[in-house]
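*Asks:* Below is one structure. I have some questions about it.
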Amino acid sequence: MKKSDTKSIRELESLGRKLVADIDKGKNPTIEFSLRSLSNIIFDEKTRTLALGDKQQQRTFFNVGHAKKFLQTLEIAKVSKTLLDVEKHASLRDVFYMAKRTIPSSNINIVDEQAESDNAIEDLELITNCSREQLNINANKMGSVAGNVVIEDSGDTINWAKLGSGGWSIPSNVEEIEFKGVKAKYVIYMEKQAVWERLHEDKFWEKQNCLIVTSQGQTTRGIRRILQRLNDEHKLPIYVLADFDPWGFYIYSVLKFGSINLAHMSGTMTLQNARFLGITADDAVNYDLKKHFIKFKDVDSTRLKQIADYDWFKKNKDWQRQFKMMKDFGAKLEIQALSSKGITFISDKYLPEKIKKGEFLD
Amino acid sequence: MAKQELAETKETPIAYELAKRQKEISVSEFFTKNRHLLGFDNKRKALLMTVKEAVDNSLDACEEAKVLPEVNVEIIQMAEFKYKVIVEDNGPGIIKKQIPNIFAKLLYGSKFHTLKQARGQQGIGISAAVLYAQLTTGKPVKITSRISKKEPALYYELNIDTQNNKPVIAKEETIEWAKEHGTKVEVDLEAEFIKGVQSVDEYLKQTAVINPHVTIIYTNPKSEQVIYARATDKLPDEPKEVKPHPYGIELGMLIDKLRWTESRTLQSFLTSEFSRVGSGTAKEICEHAAVLPNTKPSLVSRDTAEKLLQGIQKTKIIAPPTDCLSPIGEELLEKGLRKEIKAEFYCGTTRPPAVYRGNPFILECGIAFGGEIPKDEKANILRFANRVPLLYQEGACSITRSIMETNWKPYGLQQSGDSIPLGQAVIVVHMASVWVPFTSESKEAIAHYPEIIKEIKLALQECGRMLGTYVRKKFKISEQIERANMFEKYIPEVADSLSSLTKEKKERILQGLQKMLVKPEIKKEIVEEDADDKLYKMEFLKKGQEQEKVIDDD
């Protein structure tokens, strides 16, 4: 058994013993942990990440409002303990089905939707101070990587440069991966699978000696963690390539500063050295992309305003300038708009130029 | 025109010839051809109407004689569509002279000319049934009646002479009868027996609900006997006879009254023929009408009568007396519901008297809810007028309309738009009046007077509020029970999880948690009790027990 597994089991057992002790004392069994809600999220200026405040919440069993969640939390703890005991991993969806059953002689299900079990899992991370992966629960794999890096995973040696057109798909738990040889000099993370495929086909990573990484939309935990490890352990700079729209900015924001949902894991999840490569408002002007603008809808304007108001962007003049320009354009732009200049324009001209000139936002 | 001149054949105009063909139509003949006007439209309805008219008469007679009514109803099938209806009561009986007229002469009765709350009004009912029977089977009605143990019982077989609206006595004799007093009517008619909403069964059951002082013993054609036992020994207060109130009078009636009165002056006419008119009010009316109070009534012209009517409307007159009304009362209404409908909640309300067109009336409403009343169906509406169930023409009745126009959602029933509410409820509405304005002579629907609709709605709202309070509290309690259940259900699950986390014995954790369930500070978590709730629970309990007692009585 791995060391981290014994730690997780220990944490789960101690949660159980604490509650049994409550019951033995005739005390309403109570779990106490950090409050995971917007009111307890703070932006730590020092670490420049989102973090949880000191507010605590109590979850007691004999409480009409808490009972169900209490039950769900313990059910998930039981599931996780079972997984750890038999040294197996389960997906979020698996865990949902393991917990989803009807309480005998009632019409109550322990969980009705996956959102409930997902929530209980996140709570359990806080309670046990173990990440989901440490509790042997994995998210779906949703990303690809290619480039000059050799790793060892579960006894297999894998060269990220030699995996054909699909690249290596990044698992949700990357803690046990060992880097054997890292020749790449930097990483480009992109929001869009299609753009990754473009760069991969053009062998961009070979020409530039870099890594190209993608996931679909929001960055999964596994990818965030592997990017962090590459940055921490091998000092590779991380560049983000996203659409020129509020949602693209938000992907960068989550990557760099953390998210509200995972504020309790900011330490292992944030990439403080990430840089925003594009698409920027200046790119739209310099590369003559204005004719490919997509007009703003109301939701876009609202989202832009929210993002511009984030603490971590508020005092950043460069970012505020971007926000203002986008607002003035009243429009957004997709990465793929670059293809209008030629199918390989992005790999031959745009990216090399940007990186050479060091044109990025921090 | 010239060629088309009237066939003035010889010496007499044609009109004389035509006049020979014109003659008086007897009432009986008229109804022979228009039986639907009296409710005898079809075989099924004919059976119901016959039972209804006979039972109504029996109950009116018993109450007038201050006897607790006990009515025996029997229906025997003679052939596929031939039935014999026997209705026997313990009423005062009928004197010899009256028997033929009551049963075999249409429009003969004591109630038409009086203003008094009674079931029958026009004196058509039972004789119409006899006429219908005679038309469909040719058999006479058989009457047995006895007025005292000192006198023998009389037995009659009667037919109606439809030409002259006169009784024809087919047989007349004195017989032995065990009953000291009472009347028995036996009619053979073409009919069809059915079950369900517009059946004799339903009519008798509803009669039992609205007349808790009545016992009905009913034997249906399958020889099954149902006994609707009385729930109270208290007879309803006898309604007093009243004179009409001036506000309700119409021109024609006023002219008639003026012609036939014995009063010498208009002033004394007004004071003696109407209620609530003293000499002061009478003078005021005359003043408003610009007529001298000492005018001779028989000399009042049509135009003056019209002025008089306007004078009446201009004069402030106290509302009519209400001792002519005999409502059932909240308590008995609830009792009646309780004994015939198995529900979990009952309430009743009696409105103060009100007036439409000078006629005093009282509206009463009762609601039974929950229990064995079917779920997810339209509320069952029971309509009554002067203690008589109304089974037909629900859609035309102002009771139905008022129920539909009332918003039932705040009272715990479902309702979409202006429709009959859905839910486990029986809604009873009773109108008691000296003159119930029916939409037709078959007395099936109450006419839409705004004053009446307003009162119905107010009565419904009063009961609705009581129902709403109950439904809300029931919901609250069931929620609390659910909560307690919830913890009981969760405990084994939590114990199981904790046991697998700690390897402690599940049983031990389970018992530990169950012990806590009864601790006061944890109980508080389950049941948020306030004083109001406690009171309610006691009532809830009491009602349950009472309900059981009633069932036992049955």
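Letters A, B, ... go to the chains of the structure tokens in the order shown; residues in each chain start at 1; ligands are counted from 1 in the same order.
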May I have the residues within 12 Å of B:Gly280 as a list in words, using only C-alpha atoms and disregarding those fewer than 4 positions away in the same chain?
*Replies:*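 Contacts, with the query itself left out: Gln267, Ser268, Leu270, Thr271, Arg276, Glu284, Ile285, Cys286, Glu287, Pro293, Thr315, Lys316 and Ile317 of chain B.
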*Asks:* Using DSSP on the backbone coordinates, identify all residues within stretch 5-212 of chain A classified as alpha helix (DSSP H); present the result as a ChimeraX atom specification.
*Replies:* /A:5-24,67-86,92-99,114-128,193-201,204-208
*Asks:* Select, from B:Met253, B:Ala46, B:Val168, B:Leu458, the residue with the minimum atom-to-atom distance to B:Lys82, counting only C-alpha atoms.
*Replies:*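 The shortest atom-to-atom distance to B:Lys82 comes from B:Ala46.
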*Asks:* So which one's closest to chain A, B:Glu372, B:Glu53, B:Glu186, B:Glu504? Using only C-alpha atoms, please.
*Replies:*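 Of the candidates, the smallest distance to chain A is held by B:Glu504.
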*Asks:* May I ask you to extract the residues of chain B within 10 Å of chain A, using only C-alpha atoms, and to give them as a PyMOL selection string?
*Replies:* chain B and resi 483-487+489-504+508-517+519+521-527
*Asks:* Would you pick out the contacts of B:Tyr228 at 12 Å or less, using only C-alpha atoms, so that residues sharing its chain but fewer than 6 positions from it are not included, and give the list as a count of residues only?
*Replies:* 30
*Asks:* Excluding stretch 347-357 of chain B and any residue of its chain fewer than 5 positions from it, enumerate the residues within 7 Å of it, using only C-alpha atoms, and give them as a PyMOL selection string.
*Replies:* chain B and resi 247-248+322+329-331+333-334+362-368+451-452+459+462-463
*Asks:* Considering only C-alpha atoms, return as a list of chain:residue names whatever protein or nucleic-acid residues lie within 9 Å of B:Lys166, sequence-local ones (same chain, fewer than 2 positions apart) excluded.
*Replies:*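 Answer for this query is B:Ser28, B:Pro100, B:Asn101, B:Ala104, B:Lys105, B:Leu106, B:Asn159, B:Ile160, B:Asp161, B:Thr162, B:Gln163, B:Asn164, B:Val168.
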*Asks:* How would the residues just chosen look if you wrote them out with C-alpha atoms as a PDB file, in the first residue's frame?
*Replies:*
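Just written: again_5.pdb:
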ATOM      1  CA  SER B  28    -103.828  17.455 -15.449  1.00  0.00           C
ATOM      2  CA  PRO B 100    -108.580  11.988  -2.544  1.00  0.00           C
ATOM      3  CA  ASN B 101    -107.660  15.623  -3.146  1.00  0.00           C
ATOM      4  CA  ALA B 104    -105.398  12.723  -6.986  1.00  0.00           C
ATOM      5  CA  LYS B 105    -105.846  16.437  -7.693  1.00  0.00           C
ATOM      6  CA  LEU B 106    -103.046  18.548  -9.009  1.00  0.00           C
ATOM      7  CA  ASN B 159    -107.343   7.602 -10.095  1.00  0.00           C
ATOM      8  CA  ILE B 160    -107.180  11.093 -11.545  1.00  0.00           C
ATOM      9  CA  ASP B 161    -109.845  12.343 -13.947  1.00  0.00           C
ATOM     10  CA  THR B 162    -107.416  14.181 -16.188  1.00  0.00           C
ATOM     11  CA  GLN B 163    -110.182  16.088 -18.040  1.00  0.00           C
ATOM     12  CA  ASN B 164    -111.442  17.759 -14.930  1.00  0.00           C
ATOM     13  CA  VAL B 168    -111.890   9.294  -8.938  1.00  0.00           C
TER      14      VAL B 168
END
*Asks:* In Å, how far is it from atom CA of A:Phe323 to atom CA of A:Phe244?
*Replies:* 10.2 Å
